[in-house]
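Presented below is the structure to which this report refers.
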Amino acid sequence: MSVVTRIAPSPTGDPHVGTAYIGLFNHTLARQQGGTFILRIEDTDRGRYVESSEQRIFQMMQWLGLTPDESPLQGGENGPYRQSERFDLYGDYARQLVQSGHAYYAFETPEELAALREAAQKEGRVIAVPSRDLDPAAAQARADAGEAAVIRLKVPREGETVVNDRLRDPIHFQNRDIDDKVLLKADGFPTYHLANVVDDRLMGVTHVVRAEEWITSTPIHVLLYQAFGWNEPVWAHMPLLRNADKSKISKRKNPTSVEWYQQQGFVPEAMLNFLATMGWTHPDGLEVFDLAEFQRVFRLEDVTLGGPVFSLDKLRWYNGKYLREVLGEDEVARRLHAHLAGQKVELPLDDYFRAVARLMTPRMDVFSEFLDKTPYFWREDYPVTEKAQAAIDAGRDLLPELAARLKNLPTFDPVSIKAAFTTYAEEKGLKLGKVMPPVRAAVAGTLESPDLPDLLATLGRERVAARVERAAR
Ligand code: GLU
């Protein structure tokens, strides 16, 4: 049987790194076995629905290169892929369970339920819903007559429900601790549990790989599969991404919107590589590997459960690696240029831009650092730091002659420039460390810039001479 995986995000806000993370593992599992990866939108909760959210989830998946095989965008033979477009079918499944005695109509009002809940809490047990014990035919008649009713799952009072999770020992849940969950609301809307299970079944999902936080829902899902007489999928609950203090990843402690990472100029390859290491380690100890390699070696069984920390520093490290060691100069320049264009900074993608990008690649981890670090490449009124000003002041006497020498070099390339400095320093009996900083400070306004000969060659003779002469005054 071919593998079918899915992610089932609810469109309730920003596209979350957790969705990207779970998406990566599901995508990989399907791809490595020639299976199918589905994106289903779980939009049954209309109260939390955010209009733009679905579109932004698609964009995130596309940016990451985790394109689904079936989704509301692509379509597919198991559609529709939005639960809001599937509403009609859930009611029949709920009623089927009423027929078979695995679910029942419940007529309790919200006030009655509140009182029942309070009583249950006091006694430390799940709530006992009186409608559960109604005569089924009588309940059916009341529902047919139009009385407001929900349909609840009739959880067996005794025994246990076992969740067999690929990543864990069997998890035993005592049935007496499981609520008779609502499956279908009075307005005919399904709850998460019913819609999720019915859709996984109808879409032929073979592996439910989702975040750990859903484990407590899984016994309900197992009971539903049993009630319908369906085979369960493989369950695998991935460890939650965590903040540095080990709490569940949250906006307050980490940016959680993938759009933020996009806007900062992280590259998707680095993001994927980083996410792949959350709960999984490459068998050969490789840190940097691409999606194809991940697909080649990943095994679901090898996921480890110790809460992986989503460290921004580590992600930055990955990004820097991709810029410096993986993507290549041309690609970095192209992406940097596109990133800036996205920020409404229009620069020509020419040899000068490429040279600046090449000089700065060792000095940035993400594209968002680029402009702040390079004002002197783009304008004459670049800021001058205090330290740079001090270096200019200390070396002012040297600048006129250095400017003249640089101006008169036969060729203005890094090797000749370097030689000019060395010769000058030798003649004057000065150290290079004395001669170079004032020039660097003069042309860049900072002492933190690329290698000086490269920097000067890139800026060009005219600009360098003018800047050094200006600083000498
Ligand atoms: N709609 C749920 C979510 O937002 C799906 C959970 C699941 O994968 O079953 O994550």
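Residues in the structure tokens are numbered from 1 in each chain, the chains being A, B, ... in the order shown, and ligands are numbered from 1 in the order shown.
With only C-alpha atoms and all ligand atoms counted, the chains near ligand 1 contribute these residues within 9 Å: Arg6, Ile7, Ala8, Pro9, Ser10, Pro11, Thr12, Gly18, Thr19, Ile22, Arg40, Ile41, Glu42, Asp43, Thr44, Tyr192, His193, Asn196, Val197, Asp200, Val208, Val209, Arg210, Ala211, Glu213, Trp214, Ser217 and Thr218 of chain A.
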- Within 10 Å of A:Pro383, counting only C-alpha atoms, which residues qualify if same-chain residues fewer than 4 places away don't, as JSON, numbers by chain? {"A": [375, 376, 379, 388, 444, 445, 446]}
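Between A:Ser2 and the candidates A:Arg48, A:Lys428, A:Arg358, A:His207, the tightest atom-to-atom separation, counting only C-alpha atoms, involves A:His207.
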Neighbours of A:Val366 within 12 Å (only C-alpha atoms; same-chain residues fewer than 6 positions away dropped), as a CSV table (one decimal) with all heavy atoms, in the first residue's frame?
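What follows is the written file around11.csv:
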chain,number,residue,atom,x,y,z
A,261,TYR,N,10.8,34.9,9.0
A,261,TYR,CA,12.1,34.4,8.5
A,261,TYR,C,12.4,34.7,7.1
A,261,TYR,O,13.5,35.0,6.7
A,261,TYR,CB,12.2,32.9,8.8
A,261,TYR,CG,12.2,32.6,10.3
A,261,TYR,CD1,11.0,32.3,10.9
A,261,TYR,CD2,13.3,32.6,11.0
A,261,TYR,CE1,10.9,32.1,12.3
A,261,TYR,CE2,13.3,32.4,12.4
A,261,TYR,CZ,12.1,32.2,13.0
A,261,TYR,OH,12.1,32.0,14.4
A,262,GLN,N,11.3,34.7,6.3
A,262,GLN,CA,11.4,35.0,4.9
A,262,GLN,C,11.8,36.5,4.8
A,262,GLN,O,12.7,36.8,4.0
A,262,GLN,CB,10.0,34.9,4.3
A,262,GLN,CG,9.9,34.0,3.1
A,262,GLN,CD,8.5,33.8,2.7
A,262,GLN,OE1,7.6,33.5,3.5
A,262,GLN,NE2,8.2,33.9,1.4
A,263,GLN,N,11.1,37.3,5.5
A,263,GLN,CA,11.4,38.8,5.4
A,263,GLN,C,12.8,39.1,5.9
A,263,GLN,O,13.4,40.1,5.5
A,263,GLN,CB,10.4,39.6,6.2
A,263,GLN,CG,9.1,39.7,5.5
A,263,GLN,CD,7.9,39.9,6.4
A,263,GLN,OE1,8.1,40.1,7.6
A,263,GLN,NE2,6.7,39.8,5.9
A,264,GLN,N,13.3,38.3,6.9
A,264,GLN,CA,14.6,38.6,7.4
A,264,GLN,C,15.7,38.1,6.4
A,264,GLN,O,16.9,38.4,6.6
A,264,GLN,CB,14.9,37.8,8.7
A,264,GLN,CG,14.1,38.4,9.9
A,264,GLN,CD,14.7,39.8,10.2
A,264,GLN,OE1,15.8,40.0,10.5
A,264,GLN,NE2,13.8,40.8,10.2
A,265,GLY,N,15.3,37.4,5.4
A,265,GLY,CA,16.2,36.9,4.4
A,265,GLY,C,16.9,35.6,4.8
A,265,GLY,O,18.1,35.4,4.5
A,266,PHE,N,16.2,34.7,5.5
A,266,PHE,CA,16.7,33.4,5.6
A,266,PHE,C,16.4,32.6,4.3
A,266,PHE,O,15.4,33.0,3.7
A,266,PHE,CB,16.0,32.7,6.8
A,266,PHE,CG,16.5,33.1,8.2
A,266,PHE,CD1,15.9,34.2,8.8
A,266,PHE,CD2,17.5,32.4,8.8
A,266,PHE,CE1,16.4,34.7,10.0
A,266,PHE,CE2,17.9,32.8,10.1
A,266,PHE,CZ,17.4,33.9,10.7
A,267,VAL,N,17.2,31.7,4.0
A,267,VAL,CA,17.0,30.9,2.8
A,267,VAL,C,16.2,29.6,3.1
A,267,VAL,O,16.5,29.1,4.2
A,267,VAL,CB,18.2,30.6,1.9
A,267,VAL,CG1,18.9,31.9,1.5
A,267,VAL,CG2,19.2,29.8,2.7
A,268,PRO,N,15.3,29.2,2.3
A,268,PRO,CA,14.5,28.1,2.7
A,268,PRO,C,15.3,26.8,2.9
A,268,PRO,O,15.0,26.0,3.8
A,268,PRO,CB,13.5,27.9,1.5
A,268,PRO,CG,14.0,28.7,0.4
A,268,PRO,CD,14.9,29.8,1.0
A,270,ALA,N,18.1,26.5,4.3
A,270,ALA,CA,18.7,26.5,5.7
A,270,ALA,C,17.6,26.2,6.7
A,270,ALA,O,17.8,25.4,7.6
A,270,ALA,CB,19.3,27.8,5.9
A,271,MET,N,16.4,26.7,6.4
A,271,MET,CA,15.3,26.5,7.3
A,271,MET,C,15.0,25.0,7.3
A,271,MET,O,14.8,24.5,8.4
A,271,MET,CB,14.1,27.3,6.8
A,271,MET,CG,12.9,27.3,7.6
A,271,MET,SD,13.2,28.6,8.9
A,271,MET,CE,11.7,28.5,9.8
A,312,LEU,N,17.4,30.3,17.5
A,312,LEU,CA,17.6,31.2,16.4
A,312,LEU,C,19.0,31.3,16.0
A,312,LEU,O,19.4,31.5,14.9
A,312,LEU,CB,17.0,32.6,16.9
A,312,LEU,CG,16.7,33.6,15.8
A,312,LEU,CD1,15.7,33.0,14.8
A,312,LEU,CD2,16.0,34.8,16.5
A,313,ASP,N,19.9,31.2,17.0
A,313,ASP,CA,21.3,31.3,16.8
A,313,ASP,C,21.8,30.1,15.9
A,313,ASP,O,22.6,30.3,14.9
A,313,ASP,CB,22.2,31.2,18.1
A,313,ASP,CG,22.0,32.5,18.8
A,313,ASP,OD1,21.6,33.5,18.2
A,313,ASP,OD2,22.3,32.5,20.0
A,315,LEU,N,19.8,28.5,13.8
A,315,LEU,CA,19.3,28.7,12.5
A,315,LEU,C,20.1,29.7,11.7
A,315,LEU,O,20.4,29.5,10.5
A,315,LEU,CB,17.8,29.1,12.6
A,315,LEU,CG,17.1,29.5,11.3
A,315,LEU,CD1,17.2,28.4,10.3
A,315,LEU,CD2,15.6,29.9,11.6
A,316,ARG,N,20.5,30.7,12.4
A,316,ARG,CA,21.4,31.7,11.7
A,316,ARG,C,22.7,31.1,11.3
A,316,ARG,O,23.2,31.4,10.2
A,316,ARG,CB,21.7,32.9,12.7
A,316,ARG,CG,20.5,33.8,13.0
A,316,ARG,CD,20.9,34.8,14.1
A,316,ARG,NE,22.0,35.6,13.5
A,316,ARG,CZ,21.7,36.8,12.9
A,316,ARG,NH1,20.5,37.2,12.7
A,316,ARG,NH2,22.7,37.5,12.4
A,317,TRP,N,23.2,30.2,12.1
A,317,TRP,CA,24.4,29.5,11.8
A,317,TRP,C,24.2,28.7,10.5
A,317,TRP,O,25.0,28.7,9.6
A,317,TRP,CB,24.8,28.6,12.9
A,317,TRP,CG,26.1,27.7,12.7
A,317,TRP,CD1,27.4,28.1,12.8
A,317,TRP,CD2,26.1,26.4,12.2
A,317,TRP,NE1,28.2,27.1,12.4
A,317,TRP,CE2,27.4,26.0,12.0
A,317,TRP,CE3,25.1,25.5,11.8
A,317,TRP,CZ2,27.8,24.8,11.6
A,317,TRP,CZ3,25.5,24.2,11.3
A,317,TRP,CH2,26.8,23.9,11.2
A,318,TYR,N,23.1,28.0,10.4
A,318,TYR,CA,22.8,27.2,9.2
A,318,TYR,C,22.7,28.1,8.0
A,318,TYR,O,23.2,27.9,6.9
A,318,TYR,CB,21.4,26.5,9.4
A,318,TYR,CG,21.6,25.1,9.9
A,318,TYR,CD1,21.2,24.7,11.2
A,318,TYR,CD2,22.2,24.1,9.1
A,318,TYR,CE1,21.4,23.4,11.6
A,318,TYR,CE2,22.4,22.8,9.5
A,318,TYR,CZ,22.0,22.5,10.8
A,318,TYR,OH,22.2,21.2,11.3
A,319,ASN,N,22.0,29.3,8.2
A,319,ASN,CA,21.8,30.2,7.1
A,319,ASN,C,23.2,30.7,6.6
A,319,ASN,O,23.4,30.7,5.4
A,319,ASN,CB,20.9,31.3,7.5
A,319,ASN,CG,20.2,31.9,6.3
A,319,ASN,OD1,19.3,31.2,5.8
A,319,ASN,ND2,20.6,33.1,5.9
A,320,GLY,N,24.1,31.0,7.5
A,320,GLY,CA,25.4,31.5,7.1
A,320,GLY,C,26.1,30.4,6.3
A,320,GLY,O,26.8,30.7,5.3
A,321,LYS,N,26.0,29.2,6.8
A,321,LYS,CA,26.6,28.0,6.1
A,321,LYS,C,26.1,27.9,4.6
A,321,LYS,O,26.9,27.7,3.7
A,321,LYS,CB,26.3,26.7,6.8
A,321,LYS,CG,27.1,26.4,8.0
A,321,LYS,CD,28.2,25.5,7.6
A,321,LYS,CE,29.1,25.2,8.7
A,321,LYS,NZ,30.5,24.8,8.3
A,322,TYR,N,24.8,28.1,4.5
A,322,TYR,CA,24.2,28.0,3.1
A,322,TYR,C,24.7,29.1,2.3
A,322,TYR,O,25.0,28.9,1.1
A,322,TYR,CB,22.7,27.9,3.2
A,322,TYR,CG,22.2,26.5,3.4
A,322,TYR,CD1,22.3,25.8,4.6
A,322,TYR,CD2,21.9,25.7,2.3
A,322,TYR,CE1,22.0,24.5,4.7
A,322,TYR,CE2,21.5,24.4,2.4
A,322,TYR,CZ,21.6,23.8,3.6
A,322,TYR,OH,21.3,22.4,3.8
A,323,LEU,N,24.8,30.3,2.8
A,323,LEU,CA,25.3,31.5,2.0
A,323,LEU,C,26.8,31.2,1.6
A,323,LEU,O,27.2,31.5,0.5
A,323,LEU,CB,25.2,32.8,2.8
A,323,LEU,CG,23.8,33.2,3.2
A,323,LEU,CD1,23.8,34.6,3.8
A,323,LEU,CD2,22.8,33.1,2.1
A,324,ARG,N,27.6,30.7,2.6
A,324,ARG,CA,29.0,30.7,2.3
A,324,ARG,C,29.4,29.4,1.6
A,324,ARG,O,30.4,29.4,0.9
A,324,ARG,CB,29.8,30.8,3.6
A,324,ARG,CG,29.8,32.3,4.1
A,324,ARG,CD,30.6,32.4,5.4
A,324,ARG,NE,29.9,32.1,6.6
A,324,ARG,CZ,29.0,33.0,7.1
A,324,ARG,NH1,28.8,34.1,6.6
A,324,ARG,NH2,28.4,32.6,8.3
A,332,VAL,N,23.7,33.4,-4.4
A,332,VAL,CA,23.6,34.3,-3.2
A,332,VAL,C,23.3,35.7,-3.7
A,332,VAL,O,22.4,36.4,-3.2
A,332,VAL,CB,24.9,34.3,-2.4
A,332,VAL,CG1,24.8,35.4,-1.3
A,332,VAL,CG2,25.0,32.9,-1.7
A,335,ARG,N,19.7,35.9,-5.0
A,335,ARG,CA,18.7,35.9,-3.9
A,335,ARG,C,18.7,37.2,-3.0
A,335,ARG,O,17.7,37.6,-2.6
A,335,ARG,CB,18.9,34.7,-3.0
A,335,ARG,CG,18.7,33.4,-3.8
A,335,ARG,CD,18.2,32.3,-2.9
A,335,ARG,NE,18.4,31.0,-3.5
A,335,ARG,CZ,18.1,29.9,-2.8
A,335,ARG,NH1,17.6,30.0,-1.6
A,335,ARG,NH2,18.4,28.8,-3.4
A,336,LEU,N,20.0,37.6,-2.8
A,336,LEU,CA,20.1,38.9,-2.0
A,336,LEU,C,19.4,40.0,-2.7
A,336,LEU,O,18.6,40.8,-2.1
A,336,LEU,CB,21.6,39.2,-1.8
A,336,LEU,CG,21.9,40.5,-1.2
A,336,LEU,CD1,21.3,40.7,0.2
A,336,LEU,CD2,23.4,40.8,-1.1
A,339,HIS,N,15.8,39.6,-2.4
A,339,HIS,CA,15.4,40.0,-1.0
A,339,HIS,C,15.2,41.5,-0.9
A,339,HIS,O,14.2,42.0,-0.4
A,339,HIS,CB,16.4,39.4,0.0
A,339,HIS,CG,16.2,40.0,1.3
A,339,HIS,ND1,15.3,39.5,2.2
A,339,HIS,CD2,16.9,41.0,2.0
A,339,HIS,CE1,15.4,40.2,3.4
A,339,HIS,NE2,16.3,41.1,3.2
A,340,LEU,N,16.2,42.2,-1.4
A,340,LEU,CA,16.2,43.7,-1.3
A,340,LEU,C,15.0,44.2,-2.1
A,340,LEU,O,14.3,45.2,-1.6
A,340,LEU,CB,17.5,44.3,-1.8
A,340,LEU,CG,18.7,43.9,-0.9
A,340,LEU,CD1,20.0,44.3,-1.6
A,340,LEU,CD2,18.6,44.5,0.5
A,357,ALA,N,28.2,41.8,-2.9
A,357,ALA,CA,27.6,40.6,-2.3
A,357,ALA,C,28.7,39.6,-1.9
A,357,ALA,O,28.7,39.0,-0.8
A,357,ALA,CB,26.6,40.0,-3.2
A,360,MET,N,30.6,40.7,1.2
A,360,MET,CA,29.8,40.7,2.4
A,360,MET,C,29.4,39.3,2.8
A,360,MET,O,29.0,39.1,4.0
A,360,MET,CB,28.6,41.6,2.3
A,360,MET,CG,29.0,43.1,2.1
A,360,MET,SD,30.2,43.7,3.4
A,360,MET,CE,29.2,43.5,4.9
A,372,ASP,N,22.4,47.4,6.4
A,372,ASP,CA,23.0,48.1,7.6
A,372,ASP,C,24.5,48.0,7.6
A,372,ASP,O,25.2,48.9,8.2
A,372,ASP,CB,22.5,47.4,8.9
A,372,ASP,CG,21.1,47.9,9.2
A,372,ASP,OD1,20.6,48.8,8.5
A,372,ASP,OD2,20.5,47.3,10.1
A,373,LYS,N,25.1,47.0,7.1
A,373,LYS,CA,26.5,46.8,7.1
A,373,LYS,C,27.2,47.5,5.9
A,373,LYS,O,28.4,47.5,5.9
A,373,LYS,CB,26.9,45.3,7.1
A,373,LYS,CG,26.5,44.7,8.5
A,373,LYS,CD,27.1,43.3,8.6
A,373,LYS,CE,26.9,42.8,10.0
A,373,LYS,NZ,27.5,41.5,10.2
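Residues surrounding A:Met203 within 9 Å are A:Val4, A:Ile38, A:Glu77, A:Asn78, A:Gly79, A:Val198 [only C-alpha atoms; sequence separation below 5 positions excluded].
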